[in-house]
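Q: For reference, the structure I am asking about is given below.
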Amino acid sequence: MSKATIPTKTGAENTRLSTLDIELRLLLEAIYLRYNYDFRDYAGASQKRRVVQALRALNCQSVSELQALVLHDQSIFMHLLQYLTIPVSEMFRDPSYFARLREEVLPVLKTYPSLKVWIAGCSTGEEVYSFAILLKEEDLLDRTIIYATDINPQSLEKARKGVFALDRMQLYTKNYQQAGGKRAFSDYYTAAYNAALFDRSLCDNVTFADHSLATDTVFSETHLVSCRNVLIYFNRGLQDRALGLFHESLCHRGFLGLGSKESLDFSDYSHRFEAIDKRERIFRKL
Amino acid sequence: MTRTQADYTQLITSRHIEAVVIGASAGGVEAMLHLFRSLPQRYQLPIIAILHMREMRESKLADLFQHYVSIKVKEAQDKETIRNNTLYFAGPGYHLSIEQSREFSLSCEPPVHFSRPAIDFLMESAADTYGERLAGILLTGANEDGAVGLQKIKHAGGLTVVQDPQEAMADYMPLAAIKLAAPHLVLGLRDIQQFLIALGEQHVH
């Protein structure tokens, strides 16, 4: 990471909000008013760091300067959006999570005639393809609708294409095997040049859609919600809003999966779910 | 270069430190055990530590240290409120930040200096939150993580301490920090231990 000058606090600014903090707040307000993307209740510390990085990339001297550009030029906003969201993912990330889903959750879901799965904050789609493969191997994919939602249109577009870097396949194959994969992972993609193109049929029942956990409402009843490494970017209030949407969307005794460091401990919803596997962060609606 | 006890006594009596952040990599387990073993049970300040380990899902650091340390030791959780009298370790695989609300936040940005958690992340956010009421300590280590963070702490008015490179098991991290951040104090572990205890006593008064 670059060590270019970061605007630093001096003197009187320490007592109240720094100029940078004021600028950040105004920027988020401007984005909300102009584009209806609401980042105001994101966890501030890492967000600030990412905006400061964006300043360098977009060649701006200050957040105020960036704000002016963002307000007047949608393409600059789309560029900034790539910093405000965090498209870092891998297939079968935390393999033991998928192994537990296979062992504990899918046998229950098999008892339903049809299934709806919501992957909230699906980013560039690695988790979507992981779920599609998992469901296919358990003979559930044909009767499942997967809703894959995110706020970042560029990420969604990437997810739709299903093309991933070939050099990641070694890690993904290892993850897949540890997750209890039943076939050769390479059965699911075609390698071409430096890319792995995933089997299109995996996405036959996937609906990719723009949906914000900060501003949108529930769109469907679901049996399983997987939302991993998304809530950590929210403050407690926004975490509760998102958990409220999941709770509302889930059917009676529906399942919720979170990221390996996410919990319901500090949430209003802690008593509305029971832990199926505390370590793997798999919960069930009470 | 090493400063004497009189120097740091003077440095800390003029301040009201509310938290300590500390980072290390190679050789860090031994160094931190040495530092934290002697903390009194009534030690008031929160201490937030990052020790670079090979990335793995489970960290045993909190359990390991709890055997030797008399204050509470735990892994920092997302959105957990920071409490006094507690030693927190950053868990593996995620960056750890401190919010203005004095809660922890985790995040998954790419590693910094090949490290996640990165000491720079923690220190920069801690400097933002605590300003001059923060002490930052950087120990032995084999990369330059923490140098920028320590510089941030110093700019925000906080106290900065680096382990004497001549004594450190790996001198790269302390040397990088001394060069970039020009810390207030460069001390041996034994002196840093006394410094930590003195900070805690200062907090009580």
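Please note that chains go A, B, ... in the order of the structure tokens, that every chain numbers its residues from 1, and that ligands are numbered from 1 in the order shown.
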Assign secondary structure with DSSP using the backbone only, and return the residues of segment 96-214 of chain A in alpha helix (DSSP H) as a ChimeraX atom specification.
A: /A:96-100,106-109,126-137,153-161,169-178
Q: Mind the document's chain letters and residue numbers, and return as a list in words the residues of segment 7-57 of chain B that DSSP labels strand (DSSP E or B).
A: Ala19, Val20, Val21, Ile22, Gly23, Ala24, Ile47, Ile48, Ala49, Ile50 and Leu51 of chain B
Q: Export, as an mmCIF file, in the first residue's frame, the selected residues with C-alpha atoms.
A:
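Result file is result-v9.cif:
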```cif
data_model
loop_
_atom_site.group_PDB
_atom_site.id
_atom_site.type_symbol
_atom_site.label_atom_id
_atom_site.label_comp_id
_atom_site.auth_asym_id
_atom_site.auth_seq_id
_atom_site.Cartn_x
_atom_site.Cartn_y
_atom_site.Cartn_z
ATOM 1 C CA ALA B 19 -5.531 2.836 25.295
ATOM 2 C CA VAL B 20 -2.402 1.051 24.126
ATOM 3 C CA VAL B 21 -1.921 -0.471 20.680
ATOM 4 C CA ILE B 22 0.995 -2.753 20.064
ATOM 5 C CA GLY B 23 2.350 -4.691 17.110
ATOM 6 C CA ALA B 24 5.043 -7.240 16.298
ATOM 7 C CA ILE B 47 -4.264 -3.136 25.273
ATOM 8 C CA ILE B 48 -4.929 -4.035 21.642
ATOM 9 C CA ALA B 49 -2.293 -6.248 20.068
ATOM 10 C CA ILE B 50 -1.471 -7.543 16.602
ATOM 11 C CA LEU B 51 0.946 -10.400 16.213
#
```
Q: Env of Leu61 of chain B: 9 Å cut, atoms = only C-alpha atoms, seq-sep filter 3 positions within chain, self excluded. Answer as a PyMOL selection string.
A: chain B and resi 29+51+64-66+74-75+89+91
Q: Pull the closest atom pair for each residue of chain B that gets at most 9 Å from chain A, along with the distance in Å to one decimal, counting only C-alpha atoms, ordering rows by chain and then ascending residue number, as a tab-separated table.
A:
```
residue	atom	partner	partner_atom	distance
B:Arg57	CA	A:Asp94	CA	8.2
B:Gln77	CA	A:Lys261	CA	7.2
B:Asp78	CA	A:Ile232	CA	6.5
B:Lys79	CA	A:Arg236	CA	6.8
B:Glu80	CA	A:Phe266	CA	7.2
B:Gly91	CA	A:Lys261	CA	8.7
B:Tyr94	CA	A:Lys261	CA	8.5
B:His95	CA	A:Ser46	CA	8.8
B:Leu96	CA	A:Ser46	CA	8.8
B:Ser97	CA	A:Ala45	CA	6.2
B:Ile98	CA	A:Ala45	CA	6.6
B:Glu99	CA	A:Ala45	CA	5.5
B:Gln100	CA	A:Gly44	CA	7.7
B:Ser105	CA	A:Ile232	CA	6.5
B:Leu106	CA	A:Ile232	CA	5.8
B:Ser107	CA	A:Ile232	CA	6.3
B:Cys108	CA	A:Val88	CA	7.0
B:Glu109	CA	A:Ile86	CA	6.7
B:Pro110	CA	A:Val88	CA	7.6
B:Pro111	CA	A:Met1	CA	8.9
B:Val112	CA	A:Met1	CA	6.1
B:His113	CA	A:Met1	CA	7.3
B:Phe121	CA	A:Ser46	CA	8.0
B:Glu124	CA	A:Ala45	CA	8.8
B:Ser125	CA	A:Ala45	CA	5.8
B:Ala126	CA	A:Ala45	CA	9.0
B:Asp128	CA	A:Ala45	CA	8.4
B:Thr129	CA	A:Ala45	CA	9.0
B:Gly131	CA	A:Asn14	CA	6.8
B:Glu132	CA	A:Asn14	CA	8.5
B:Val148	CA	A:Lys3	CA	7.3
B:Lys152	CA	A:Thr8	CA	7.5
B:His155	CA	A:Thr8	CA	6.9
B:Ala156	CA	A:Lys9	CA	5.9
B:Gly157	CA	A:Thr10	CA	8.5
```
Q: Please indicate the distance in Å from atom CA of Arg40 of chain A to atom CA of Glu248 of chain A, rounded to one decimal place.
A: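 That distance, rounded to one decimal, is 23.2 Å.
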Q: Which residue, B:Ala170, B:Ala177, B:Leu39, B:Ile153, has the smallest gap to Leu138 of chain B when you use only C-alpha atoms?
A: B:Ala177
Q: When you look at Gly254 of chain A with a cut-off of 8 Å (counting only C-alpha atoms), what residues show up, excluding the ones that are within fewer than 5 positions of it in the same chain? I need them as a list in words.
A: Thr222, His223, Leu224, Arg284 and Lys285 of chain A
Q: With C-alpha atoms kept, could you save the residues just selected as a short mmCIF file (atom, residue, chain, number, x, y, z; two decimals), in the first residue's frame?
A:
```cif
data_model
loop_
_atom_site.label_atom_id
_atom_site.label_comp_id
_atom_site.auth_asym_id
_atom_site.auth_seq_id
_atom_site.Cartn_x
_atom_site.Cartn_y
_atom_site.Cartn_z
CA THR A 222 -36.47 -17.72 1.34
CA HIS A 223 -35.33 -20.95 3.01
CA LEU A 224 -31.67 -20.08 3.37
CA ARG A 284 -31.85 -21.07 12.37
CA LYS A 285 -34.85 -18.79 12.74
#
```
Q: Env of Phe114 of chain B: 9 Å cut, atoms = only C-alpha atoms, seq-sep filter 4 positions within chain, self excluded. Answer as a PDB file with N, CA and C atoms, in the first residue's frame.
A:
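The new file result-v1.pdb reads:
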```pdb
ATOM      1  N   PRO B 110      -7.459  -6.307   0.977  1.00  0.00           N
ATOM      2  CA  PRO B 110      -6.260  -7.134   0.761  1.00  0.00           C
ATOM      3  C   PRO B 110      -5.187  -6.867   1.825  1.00  0.00           C
ATOM      4  N   ALA B 118      -3.217  -6.050   9.561  1.00  0.00           N
ATOM      5  CA  ALA B 118      -2.057  -5.177   9.428  1.00  0.00           C
ATOM      6  C   ALA B 118      -2.007  -4.219  10.620  1.00  0.00           C
ATOM      7  N   ASN B 143       9.082  -7.142   8.825  1.00  0.00           N
ATOM      8  CA  ASN B 143       8.640  -6.312   7.697  1.00  0.00           C
ATOM      9  C   ASN B 143       8.345  -4.903   8.205  1.00  0.00           C
ATOM     10  N   ASP B 145       5.513  -3.221   8.353  1.00  0.00           N
ATOM     11  CA  ASP B 145       4.166  -2.921   8.846  1.00  0.00           C
ATOM     12  C   ASP B 145       4.288  -2.187  10.193  1.00  0.00           C
TER      13      ASP B 145
END
```
Q: When you look at Ala198 of chain B with a cut-off of 10 Å (counting only C-alpha atoms), what residues show up, excluding the ones that are within fewer than 6 positions of it in the same chain? I need them as a list in words.
A: Tyr8, Thr9, Ile12, Thr13, Tyr43 and Ile192 of chain B
Q: Those same residues - C-alpha atoms - I'd like them written as a PDB file, in the first residue's frame.
A:
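Output contents, as saved in again_14.pdb:
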```
ATOM      1  CA  TYR B   8       9.341   8.642  29.950  1.00  0.00           C
ATOM      2  CA  THR B   9       8.072   9.480  33.406  1.00  0.00           C
ATOM      3  CA  ILE B  12       3.540  10.352  30.510  1.00  0.00           C
ATOM      4  CA  THR B  13       2.747  12.582  33.466  1.00  0.00           C
ATOM      5  CA  TYR B  43      -4.137  -3.011  35.157  1.00  0.00           C
ATOM      6  CA  ILE B 192       8.894  -0.975  27.784  1.00  0.00           C
TER       7      ILE B 192
END
```
Q: One decimal, in Å: what's the spacing between atom CA of Leu106 of chain A and atom CA of Ser249 of chain A?
A: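 Those two atoms sit 18.3 Å apart.
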